[in-house]
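Participant: Structure in structure tokens, see below.
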Amino acid sequence: MDFDVSPEDAAFRDEIRTWLEEHREQMNETRLVPGKEGAEQWVKFREWEKTLYDGGWAGVAWPKEFGGRGATLYQQAIFTEEYAKARAPERINRLGLGLLAPTLMVYGTDEQKQAHLSRTLAGEEIWCQGFSEPGAGSDLASLRTKAVLDGDEYVINGQKVWTSFAMAADWIFLLVRTDPDAPKHKGITYILVDMKTPGIEVRPIIQISGRTSVATGFCETFFTDVRVPASNVVGEVNDGWKVAMATLSFERGTGLGSPAAFNALLDQVVDITRRETRYDGLAADDPDVRRRVAQGFIETRVFELNTQRVLTKLSKGEALGPEASLSKLYWSEMETRLFELGNDALGPRAELAPGADDAEHGGKWYGEYLYARASMIYAGTSEIQKNIIAQRVLGLPKE
């Protein structure tokens with residue numbers, strides 16, 4: 001593993017640190033306020049995306065030909081790390097920037113790239129993802145939303161669920177079944193749909209945390225005779241599974257830079273244990289809490305080192321295989337354990353909602369603790385990741 005930082009990368013780090021500090025006031029104004037999610041906050045988050053775009057930071061990992069910086073892998077990691085350390089605002093277009101855009105760069109037509117990439121980068125098009133359905137979550141290939149060709153348009157009918165950001169998104173990238181007689185992994189098509197198209201209904205889902213927020217908003221999305229130009233198909237008709245797998249590979253990714261976020265979470269948990277009283281002493285005095293804090297330190301450090309190893313491998317031009325599943329499984333379960341530790345240390349105070357006088361972090365902690373469970377589901381459940389690791393890494397037989 002290469003731990004050295006080149007002069008170019010050091011200068012890059014200084015540049016992003018300086019820029020973030022210069023925009024500290026706007027970042028603070030763009031914070032998510034629990035219990036006050038809505039259109040006004042979406043405007044602020046869109047303005048922040050435009051500020052990043054104007055500063056040249058909206059897509060550091062994007063190739064220069066598409067408006068990005070063409071940053072190296074290390075620079076991508078540096079940006080993500082510094083962004084997390086600065087506690088900069090939530091990236092509301094991460095589905096567009098991190099999933100849809102790379103997919104279009106590989107499979108999109110020239111017209112699709114020209115129509116969507118620059119607008120996505122500037123935050124003018126916010127994207128949501130229409131993959132999961134009732135009865136077709138982990139078994140995504142069982143999806144039943146259908147699209148029937150009518151002239152030069154597809155007519156779409158069906159339902160999607162857990163559609164993040166659908167309540168405010170401009171576009172959705174959607175998987176539909178175009179050949180019902182084909183095997184379930186065949187006959188699927190990947191298509192782009194304008195959310196303003198007649199026949200689309202979005203219903204926000206009230207979460208266990210009691211809110212539908214900018215950061216974690218899920219929705220049900222219904223399609224009734226929605227007419228979409230056939231030119232919006234990405235890749236080949238009936239070959240959308242291949243395109244979808246590319247999108248999911250971008251979603252699982254490598255966790256570049258995310259160690260900074262988990263290190264910050266660990267620091268927050270340690271701070272809680274040092275000031276919270278349990279029984280007749282501080283939580284930090286409890287032997288079990290101390291053991292779990294030590295375990296958290298070990299796990300975050302291991303994740304940081306593994307990310308460095310992945311970066312080194314990719315920088316040498318080597319392909320990343322099942323390691324993406326290993327990384328995703330590791331960090332999602334580590335995150336859950338860290339939140340559980342903080343929750344246990346807080347005791348009954350952990351459950352105070354936004355607006356309560358003594359709520360931890362203004363009431364955000366408990367909602368984030370509950371949402372952490374989702375990380376073991378999205379981008380492939382822990383069970384799916386374990387199957388991939390068992391079969392492709394350990395060589396174990398299929399079930």
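Lettering and numbering for the structure tokens are positional, with chains as A, B, ... in the shown order, residues counted from 1 in each chain, and ligands counted from 1 in the shown order.
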If we count only C-alpha atoms, what is near Asp181 (chain A) at a cut-off of 12 Å, once residues fewer than 4 positions away on the same chain are taken out, given as a list in words?
Facilitator: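 Contacts, with the query itself left out: Arg144, Lys146, Arg177, His185, Lys186, Gly187, Ile188 and Asn238 of chain A.
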Participant: Can you list, as a list in words, every protein, DNA or RNA residue that comes within 12 Å of Arg373 (chain A) when you count only C-alpha atoms, leaving out same-chain residues fewer than 2 positions away?
Facilitator: Ile208, Ser209, Trp331, Ser332, Glu333, Met334, Glu335, Thr336, Arg337, Leu338, Phe339, Glu340, Tyr366, Gly367, Glu368, Tyr369, Leu370, Tyr371, Ser375, Met376, Ile377, Tyr378, Thr381 and Ser382 of chain A
Participant: Taking only residues of region 225-315 of chain A that have an atom at most 12 Å from an atom of region 78-91 of chain A, what is each one's shortest atom pair and its distance in Å to one decimal, using only C-alpha atoms, in chain and number order, as a tab-separated table?
Facilitator:
residue	atom	partner	partner_atom	distance
A:Gly255	CA	A:Thr80	CA	9.6
A:Leu256	CA	A:Thr80	CA	7.2
A:Gly257	CA	A:Glu81	CA	4.7
A:Ser258	CA	A:Glu81	CA	6.5
A:Pro259	CA	A:Glu81	CA	7.3
A:Ala260	CA	A:Glu81	CA	5.1
A:Ala261	CA	A:Ala84	CA	5.5
A:Phe262	CA	A:Ala84	CA	9.2
A:Asn263	CA	A:Lys85	CA	9.3
A:Ala264	CA	A:Lys85	CA	7.3
A:Leu265	CA	A:Ala84	CA	10.4
A:Asp267	CA	A:Lys85	CA	11.5
A:Glu304	CA	A:Glu81	CA	11.1
A:Thr307	CA	A:Glu81	CA	11.9
A:Gln308	CA	A:Ile78	CA	11.4
A:Leu311	CA	A:Ile78	CA	11.3
Participant: Write out as a compact mmCIF listing (two decimals) with C-alpha atoms, in the first residue's frame all residues of region 41-154 of chain A that DSSP puts in helix (DSSP H, G or I) for this structure's backbone.
Facilitator:
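Generated file (result-v2.txt):
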# COMPACT_ATOMS: atom_id res chain seq x y z
CA GLN A 41 -34.69 23.33 2.15
CA TRP A 42 -34.66 21.76 -1.31
CA VAL A 43 -34.02 25.20 -2.79
CA LYS A 44 -31.01 25.66 -0.51
CA PHE A 45 -29.61 22.24 -1.37
CA ARG A 46 -30.02 22.93 -5.08
CA GLU A 47 -28.24 26.26 -4.61
CA TRP A 48 -25.39 24.43 -2.88
CA GLU A 49 -25.07 22.01 -5.80
CA LYS A 50 -24.86 25.01 -8.16
CA THR A 51 -22.16 26.56 -5.94
CA LEU A 52 -20.15 23.34 -6.12
CA TYR A 53 -20.59 23.30 -9.89
CA ASP A 54 -19.48 26.92 -10.29
CA GLY A 55 -16.44 26.18 -8.13
CA LYS A 64 -12.91 16.53 -18.14
CA GLU A 65 -14.77 15.95 -21.41
CA PHE A 66 -18.01 15.77 -19.40
CA LEU A 73 -8.44 8.08 -7.49
CA TYR A 74 -6.43 9.58 -4.64
CA GLN A 75 -7.83 13.03 -5.35
CA GLN A 76 -11.35 11.64 -5.37
CA ALA A 77 -10.68 10.12 -1.96
CA ILE A 78 -9.12 13.36 -0.73
CA PHE A 79 -12.16 15.37 -1.82
CA THR A 80 -14.60 12.99 -0.12
CA GLU A 81 -12.50 12.96 3.04
CA GLU A 82 -12.24 16.75 3.26
CA TYR A 83 -15.93 17.15 2.43
CA ALA A 84 -16.81 14.83 5.31
CA LYS A 85 -14.41 16.52 7.71
CA ARG A 94 -25.78 11.62 -5.46
CA LEU A 95 -27.96 9.20 -7.45
CA GLY A 96 -27.55 11.31 -10.55
CA LEU A 97 -23.87 12.06 -10.05
CA GLY A 98 -22.72 8.69 -8.79
CA LEU A 99 -25.05 6.20 -10.49
CA LEU A 100 -26.89 7.55 -13.52
CA ALA A 101 -24.12 9.74 -14.95
CA PRO A 102 -21.38 7.06 -15.00
CA THR A 103 -23.90 4.68 -16.56
CA LEU A 104 -24.69 7.18 -19.31
CA MET A 105 -20.98 7.72 -19.92
CA VAL A 106 -20.71 4.00 -20.72
CA TYR A 107 -24.05 3.11 -22.31
CA ASP A 110 -24.43 11.07 -27.63
CA GLU A 111 -27.82 12.76 -27.49
CA GLN A 112 -28.49 11.42 -23.98
CA LYS A 113 -25.08 12.53 -22.74
CA GLN A 114 -25.56 15.99 -24.19
CA ALA A 115 -29.09 16.30 -22.77
CA HIS A 116 -28.38 15.17 -19.22
CA LEU A 117 -24.76 15.15 -18.08
CA SER A 118 -24.08 18.87 -17.76
CA ARG A 119 -27.50 19.54 -16.23
CA THR A 120 -26.96 16.74 -13.72
CA LEU A 121 -23.55 18.10 -12.81
CA LEU A 140 -34.73 -7.43 -8.58
CA ALA A 141 -35.12 -9.51 -11.74
CA SER A 142 -38.69 -10.35 -10.64
Participant: Would you mind telling me which residue in A:Phe303, A:Phe250, A:Phe218, A:Trp127 lies nearest to Val193 (chain A) when using only C-alpha atoms?
Facilitator: A:Trp127
Participant: What's the 8 Å shell around Ile191 (chain A), counting only C-alpha atoms, without same-chain residues fewer than 3 positions away, as a PyMOL selection string?
Facilitator: chain A and resi 173-176+232-234
Participant: Select, from A:Ala71, A:Gly355, A:Ala10, A:Gly362, the residue with the minimum atom-to-atom distance to Arg31 (chain A), counting only C-alpha atoms.
Facilitator: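 Selected residue with least distance to Arg31 (chain A): A:Gly362.
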